[in-house]
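Asks: Sharing structure.cif here; it has mmCIF, C-alpha atoms.
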```
data_work
#
loop_
_atom_site.label_atom_id
_atom_site.label_comp_id
_atom_site.auth_asym_id
_atom_site.auth_seq_id
_atom_site.Cartn_x
_atom_site.Cartn_y
_atom_site.Cartn_z
CA MET A 11 -152.44 -88.15 138.63
CA GLU A 12 -153.93 -91.66 138.64
CA PHE A 13 -150.62 -93.40 139.27
CA MET A 14 -149.94 -91.26 142.36
CA ILE A 15 -153.38 -92.20 143.69
CA LYS A 16 -152.50 -95.86 143.11
CA LEU A 17 -149.27 -95.49 145.11
CA LYS A 18 -151.10 -93.75 147.95
CA GLY A 19 -153.51 -96.68 148.02
CA LEU A 20 -150.70 -99.24 148.26
CA PHE A 21 -148.92 -97.60 151.19
CA ASN A 22 -150.01 -95.70 154.28
CA PHE A 23 -149.03 -92.04 153.92
CA PRO A 24 -150.31 -90.14 157.00
CA ARG A 25 -152.18 -86.90 156.36
CA ASP A 26 -151.52 -85.40 159.81
CA ASN A 27 -148.89 -82.63 159.68
CA LEU A 28 -148.53 -83.10 155.92
CA LEU A 29 -146.81 -80.03 154.51
CA GLU A 30 -146.53 -80.96 150.82
CA GLU A 31 -146.75 -83.96 148.52
CA ASP A 32 -145.58 -84.38 144.94
CA ILE A 33 -144.23 -86.81 142.39
CA PHE A 34 -141.17 -86.83 140.11
CA GLU A 35 -140.41 -89.19 137.24
CA TRP A 36 -137.09 -89.86 135.56
CA ASN A 37 -137.29 -91.31 132.04
CA ILE A 38 -134.68 -93.94 131.23
CA GLU A 39 -134.41 -94.18 127.45
CA ASN A 40 -131.92 -97.07 127.32
CA TRP A 41 -131.77 -99.25 130.43
CA GLU A 42 -129.25 -101.65 128.90
CA GLY A 43 -126.92 -98.73 128.23
CA LEU A 44 -126.73 -97.68 131.89
CA THR A 45 -123.59 -98.02 133.96
CA HIS A 46 -123.72 -99.47 137.48
CA GLU A 47 -124.40 -96.05 139.09
CA THR A 48 -126.45 -93.37 137.33
CA THR A 49 -127.58 -90.04 138.79
CA SER A 50 -130.66 -88.09 137.73
CA LYS A 51 -130.76 -84.36 137.12
CA ILE A 52 -131.45 -82.15 140.14
CA PHE A 53 -135.19 -81.67 140.59
CA LYS A 54 -137.37 -79.61 142.93
CA LEU A 55 -139.94 -81.49 144.98
CA CYS A 56 -141.93 -80.27 148.00
CA GLY A 57 -139.88 -77.07 148.19
CA LEU A 58 -136.45 -78.72 148.26
CA ASN A 59 -133.84 -79.85 145.73
CA TRP A 60 -133.09 -83.55 145.26
CA ASN A 61 -131.59 -86.12 142.97
CA LEU A 62 -132.08 -89.86 142.54
CA ILE A 63 -129.20 -92.30 142.31
CA LEU A 64 -129.88 -95.56 140.49
CA TYR A 65 -127.75 -98.65 141.09
CA ARG A 66 -128.61 -100.99 138.26
CA TYR A 67 -126.75 -103.98 139.74
CA GLY A 68 -127.53 -103.19 143.37
CA TYR A 69 -125.92 -100.78 145.82
CA ASN A 70 -123.13 -103.25 146.62
CA GLN A 71 -122.98 -104.56 143.04
CA THR A 72 -124.23 -107.99 144.12
CA ASN A 73 -126.37 -108.28 140.97
CA GLU A 74 -129.30 -109.39 143.14
CA TYR A 75 -131.46 -106.26 143.59
CA VAL A 76 -131.98 -102.98 141.78
CA SER A 77 -131.32 -100.14 144.26
CA VAL A 78 -132.41 -96.50 144.20
CA ALA A 79 -131.42 -93.75 146.66
CA LEU A 80 -132.70 -90.23 147.30
CA GLU A 81 -130.23 -87.44 148.08
CA ASN A 82 -131.12 -84.01 149.42
CA PHE A 83 -129.12 -81.32 147.66
CA ASP A 84 -130.00 -78.41 149.96
CA ALA A 85 -128.09 -80.01 152.83
CA LEU A 86 -124.91 -80.05 150.76
CA LYS A 87 -124.99 -77.16 148.34
CA CYS A 88 -125.80 -73.49 148.10
CA TYR A 89 -128.00 -72.30 145.23
CA ASN A 90 -126.12 -69.77 143.12
CA THR A 91 -127.59 -67.00 140.97
CA ASP A 92 -126.37 -68.61 137.75
CA ASP A 93 -128.59 -71.65 138.43
CA ASN A 94 -125.63 -73.84 139.30
CA PHE A 95 -125.06 -75.66 142.56
CA ARG A 96 -121.66 -75.36 144.16
CA PRO A 97 -120.25 -76.41 147.55
CA ILE A 98 -119.94 -73.60 150.09
CA ASP A 99 -118.78 -74.95 153.44
CA ASP A 100 -119.75 -71.90 155.50
CA ASN A 101 -123.12 -71.26 153.87
CA GLN A 102 -125.06 -74.50 153.96
CA TYR A 103 -128.79 -74.76 154.25
CA ASN A 104 -129.74 -76.12 157.65
CA ILE A 105 -132.59 -78.57 157.21
CA ASN A 106 -134.48 -80.96 159.47
CA VAL A 107 -137.18 -82.46 157.29
CA PRO A 108 -139.37 -85.50 158.13
CA THR A 109 -140.44 -87.41 155.01
CA LYS A 110 -142.11 -90.54 153.80
CA PHE A 111 -141.68 -91.58 150.19
CA ALA A 112 -142.19 -94.40 147.72
CA ILE A 113 -139.66 -95.16 145.00
CA TYR A 114 -140.81 -97.11 141.98
CA ILE A 115 -139.80 -98.39 138.56
CA ARG A 116 -142.47 -98.81 135.90
CA GLN A 117 -142.77 -99.52 132.23
CA ASN A 118 -142.81 -96.43 130.06
CA TYR A 119 -146.28 -96.85 128.56
CA ASP A 120 -147.91 -99.42 130.85
CA PHE A 121 -148.75 -98.03 134.30
CA SER A 122 -149.97 -101.43 135.47
CA LYS A 123 -146.47 -102.94 135.37
CA PHE A 124 -144.33 -101.52 138.15
CA GLU A 125 -142.44 -102.32 141.35
CA ALA A 126 -142.48 -99.97 144.35
CA LYS A 127 -141.42 -99.79 148.00
CA GLU A 128 -141.82 -97.10 150.65
CA THR A 129 -139.69 -95.80 153.51
CA ASN A 130 -139.54 -93.09 156.20
CA TYR A 131 -136.57 -90.80 156.70
CA GLN A 132 -135.69 -87.53 158.39
CA PHE A 133 -133.23 -85.56 156.27
CA ASP A 134 -130.78 -83.12 157.83
CA ASN A 135 -127.27 -81.84 157.15
CA THR A 136 -125.69 -85.06 158.37
CA ASN A 137 -128.30 -87.51 157.13
CA TYR A 138 -128.84 -86.27 153.59
CA TYR A 139 -128.96 -89.61 151.74
CA HIS A 140 -131.36 -92.54 152.04
CA GLY A 141 -131.92 -95.50 149.77
CA ILE A 142 -134.13 -98.49 149.14
CA TYR A 143 -131.47 -101.06 148.44
CA GLU A 144 -133.77 -104.02 147.79
CA LEU A 145 -136.29 -102.32 145.53
CA VAL A 146 -136.84 -105.32 143.25
CA LYS A 147 -134.95 -108.54 142.57
CA ILE A 148 -133.07 -108.30 139.30
CA LYS A 149 -134.41 -111.64 138.05
CA LYS A 150 -137.99 -110.50 138.68
CA PHE A 151 -137.22 -107.09 137.21
CA ASN A 152 -135.83 -108.59 134.00
CA LYS A 153 -138.85 -110.85 133.58
CA LYS A 154 -141.60 -108.40 134.56
CA LEU A 155 -140.38 -104.96 133.49
CA LEU A 156 -137.40 -105.22 131.18
CA LYS A 157 -138.59 -108.01 128.89
CA ASN A 158 -138.98 -106.64 125.34
CA ASN A 159 -138.84 -103.11 126.74
CA ASN A 160 -135.70 -101.00 127.18
CA LYS A 161 -137.49 -97.74 128.11
CA LEU A 162 -138.42 -97.45 131.78
CA VAL A 163 -139.38 -94.79 134.30
CA VAL A 164 -137.83 -94.40 137.77
CA GLY A 165 -139.98 -92.26 140.04
CA ILE A 166 -140.62 -91.03 143.55
CA TYR A 167 -143.77 -89.99 145.37
CA LEU A 168 -142.68 -87.81 148.30
CA CYS A 169 -144.57 -86.55 151.34
CA ARG A 170 -142.90 -83.82 153.39
CA TYR A 171 -144.18 -83.27 156.93
CA LYS A 172 -144.05 -80.42 159.40
CA ASN A 173 -141.47 -80.76 162.14
CA ASN A 174 -143.28 -79.82 165.36
CA ASN A 175 -140.73 -81.31 167.76
CA GLU A 176 -139.32 -78.31 169.67
CA VAL A 177 -136.96 -80.43 171.80
CA GLU A 178 -135.44 -81.94 168.68
CA PHE A 179 -135.10 -78.49 167.13
CA VAL A 180 -133.33 -77.09 170.21
CA ASN A 181 -130.97 -80.08 170.31
CA LYS A 182 -130.20 -79.51 166.65
CA LEU A 183 -129.32 -75.85 167.29
CA GLU A 184 -127.14 -76.88 170.22
CA SER A 185 -125.20 -79.29 168.00
CA TYR A 186 -123.81 -76.32 166.05
CA LEU A 187 -122.15 -74.84 169.17
CA SER A 188 -118.48 -75.58 169.59
CA ASN A 189 -117.73 -75.62 173.32
CA LYS A 190 -119.29 -76.65 176.64
CA TYR A 191 -119.67 -73.06 177.95
CA GLU A 192 -121.73 -72.05 174.91
CA LYS A 193 -123.88 -75.17 175.20
CA ASP A 194 -124.55 -74.64 178.92
CA ASN A 195 -125.59 -71.02 178.32
CA PHE A 196 -127.73 -72.05 175.40
CA LYS A 197 -129.66 -74.60 177.48
CA GLN A 198 -130.14 -72.12 180.31
CA PHE A 199 -131.19 -69.05 178.34
CA TYR A 200 -132.79 -70.38 175.16
CA LYS A 201 -135.91 -68.42 174.20
CA GLU A 202 -137.66 -68.05 170.89
CA PHE A 203 -139.21 -64.84 169.56
CA GLU A 204 -141.40 -64.56 166.50
CA ILE A 205 -140.86 -61.56 164.22
CA ASN A 206 -142.93 -60.98 161.10
CA ILE A 207 -140.97 -59.82 158.05
CA ASP A 208 -143.13 -58.19 155.36
CA ASN A 209 -140.42 -57.92 152.71
CA ILE A 210 -137.29 -60.00 153.20
CA SER A 211 -135.57 -58.28 150.25
CA LYS A 212 -135.28 -55.08 152.36
CA ILE A 213 -133.10 -56.74 154.98
CA ASN A 214 -129.48 -55.60 155.17
CA ASN A 215 -126.79 -55.41 157.86
CA LYS A 216 -128.48 -52.39 159.52
CA TYR A 217 -132.07 -53.58 159.31
CA ILE A 218 -133.91 -53.67 162.67
CA LEU A 219 -136.13 -56.74 162.80
CA GLY A 220 -138.22 -55.82 165.82
CA ASP A 221 -139.22 -52.73 167.76
CA LYS A 222 -139.43 -54.40 171.19
CA TYR A 223 -136.70 -55.27 173.65
CA PHE A 224 -136.54 -58.79 175.03
CA ASN A 225 -134.79 -60.21 178.06
CA ILE A 226 -132.41 -63.17 178.11
CA GLY A 227 -130.62 -63.82 181.39
CA ASP A 228 -129.77 -60.45 182.96
CA ASN A 229 -129.53 -58.60 179.66
CA TYR A 230 -131.92 -56.81 177.33
CA TRP A 231 -131.61 -57.13 173.58
#
```
As structure tokens, how would this structure be written, given the file I've shared?

Replies:
Amino acid sequence: MEFMIKLKGLFNFPRDNLLEEDIFEWNIENWEGLTHETTSKIFKLCGLNWNLILYRYGYNQTNEYVSVALENFDALKCYNTDDNFRPIDDNQYNINVPTKFAIYIRQNYDFSKFEAKETNYQFDNTNYYHGIYELVKIKKFNKKLLKNNNKLVVGIYLCRYKNNNEVEFVNKLESYLSNKYEKDNFKQFYKEFEINIDNISKINNKYILGDKYFNIGDNYW
């Protein structure tokens, strides 16, 4: 897509450890009819579920900047078989995803008229929401993009990167433990074993993942 290439040329999106990249666009048919806060549909991008939140008059309603935020849905919801998302407190996805993305607003039929800004953010189950609160000044927006045109497009170009930081991963696992004894044992005996699963659909409560014993502390498992 030519517009995605243009965005990549405007900002520096590193290629090292890049896992996926993709773009999503949200068509706004009637900008003047929007309320202060408008949320997009849930969309899938780079293997995860997201939505965009548009603040027409600015995040704090200062009427100075248009603001747009990105929210990760996998950190909050569990995907149900009826294609609906619903909160399940004890069955959250655990994510730790480094990203860099550009959010933009452009005219519907003129790709040369747009405003965009980029940001970095690492999404996890606590930090699931990140916004660009000063995307474009409203006065500039009204003059450049909205003039004689009520149909606009809000979009995001997202790069998702591999997380190769083992120390950070171990610290994240430790944060889920509830008491000091568990945390001390975890730090002392943490080991990681890789097991290949050919068909995950066969797994049940009695499924044996590996055929080799491994040692942690003074015990074999």

Asks: Under the rule of at most 6 Å, produce a per-residue listing of segment 17-131 of chain A near segment 161-172 of chain A: chain, number, name, the closest pair of atoms, and the distance in Å, as a Markdown table, using all atoms listed in the file.

Replies:
```
| residue | atom | partner | partner_atom | distance |
| --- | --- | --- | --- | --- |
| A:Asn27 | CA | A:Lys172 | CA | 5.3 |
| A:Leu28 | CA | A:Tyr171 | CA | 4.5 |
| A:Leu29 | CA | A:Tyr171 | CA | 4.8 |
| A:Glu30 | CA | A:Arg170 | CA | 5.3 |
| A:Glu31 | CA | A:Cys169 | CA | 4.4 |
| A:Asp32 | CA | A:Leu168 | CA | 5.6 |
| A:Ile33 | CA | A:Tyr167 | CA | 4.4 |
| A:Phe34 | CA | A:Ile166 | CA | 5.5 |
| A:Glu35 | CA | A:Gly165 | CA | 4.2 |
| A:Trp36 | CA | A:Val164 | CA | 5.1 |
| A:Asn37 | CA | A:Val163 | CA | 4.6 |
| A:Ile38 | CA | A:Leu162 | CA | 5.2 |
| A:Glu39 | CA | A:Lys161 | CA | 4.8 |
| A:Asn40 | CA | A:Lys161 | CA | 5.7 |
| A:Pro108 | CA | A:Tyr171 | CA | 5.4 |
| A:Thr109 | CA | A:Arg170 | CA | 4.6 |
| A:Lys110 | CA | A:Cys169 | CA | 5.3 |
| A:Phe111 | CA | A:Leu168 | CA | 4.3 |
| A:Ala112 | CA | A:Tyr167 | CA | 5.2 |
| A:Ile113 | CA | A:Ile166 | CA | 4.5 |
| A:Tyr114 | CA | A:Gly165 | CA | 5.3 |
| A:Ile115 | CA | A:Val164 | CA | 4.5 |
| A:Arg116 | CA | A:Val163 | CA | 5.3 |
| A:Gln117 | CA | A:Leu162 | CA | 4.8 |
| A:Asn118 | CA | A:Leu162 | CA | 4.8 |
```

Asks: Report the distance between atom CA of Asp84 of chain A and atom CA of Ser188 of chain A in Å, rounded to one decimal place.

Replies: 22.9 Å

Asks: To test your reading of the syntax: which residues would the PyMOL selection byres ((chain A and resi 64-80) around 9) return for the file shown? Reply as a ChimeraX atom specification.

Replies: /A:41,44-50,60-63,81-82,113-114,138-149,151,164,166

Asks: Taking the file as shown, what set of residues would the PyMOL selection byres ((chain A and resi 122) around 12) give back, as a PDB file with C-alpha atoms, in the coordinates of the input?

Replies:
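Wrote it out as part_32.pdb, contents follow:
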```
ATOM      1  CA  GLU A  12    -153.930 -91.660 138.640  1.00  0.00           C
ATOM      2  CA  PHE A  13    -150.620 -93.400 139.270  1.00  0.00           C
ATOM      3  CA  LYS A  16    -152.500 -95.860 143.110  1.00  0.00           C
ATOM      4  CA  LEU A  17    -149.270 -95.490 145.110  1.00  0.00           C
ATOM      5  CA  ILE A 115    -139.800 -98.390 138.560  1.00  0.00           C
ATOM      6  CA  ARG A 116    -142.470 -98.810 135.900  1.00  0.00           C
ATOM      7  CA  GLN A 117    -142.770 -99.520 132.230  1.00  0.00           C
ATOM      8  CA  ASN A 118    -142.810 -96.430 130.060  1.00  0.00           C
ATOM      9  CA  TYR A 119    -146.280 -96.850 128.560  1.00  0.00           C
ATOM     10  CA  ASP A 120    -147.910 -99.420 130.850  1.00  0.00           C
ATOM     11  CA  PHE A 121    -148.750 -98.030 134.300  1.00  0.00           C
ATOM     12  CA  LYS A 123    -146.470-102.940 135.370  1.00  0.00           C
ATOM     13  CA  PHE A 124    -144.330-101.520 138.150  1.00  0.00           C
ATOM     14  CA  GLU A 125    -142.440-102.320 141.350  1.00  0.00           C
ATOM     15  CA  ALA A 126    -142.480 -99.970 144.350  1.00  0.00           C
ATOM     16  CA  LYS A 154    -141.600-108.400 134.560  1.00  0.00           C
ATOM     17  CA  LEU A 155    -140.380-104.960 133.490  1.00  0.00           C
TER      18      LEU A 155
END
```

Asks: To one decimal place in Å, what is the distance between atom CA of Thr136 of chain A and atom CA of Leu187 of chain A?

Replies: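 One can read the atom CA of Thr136 of chain A to atom CA of Leu187 of chain A distance as 15.3 Å.
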
Asks: By how many Å are atom CA of Cys56 of chain A and atom CA of Phe133 of chain A apart?

Replies: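 Atom CA of Phe133 of chain A lies at a distance of 13.1 Å from atom CA of Cys56 of chain A.
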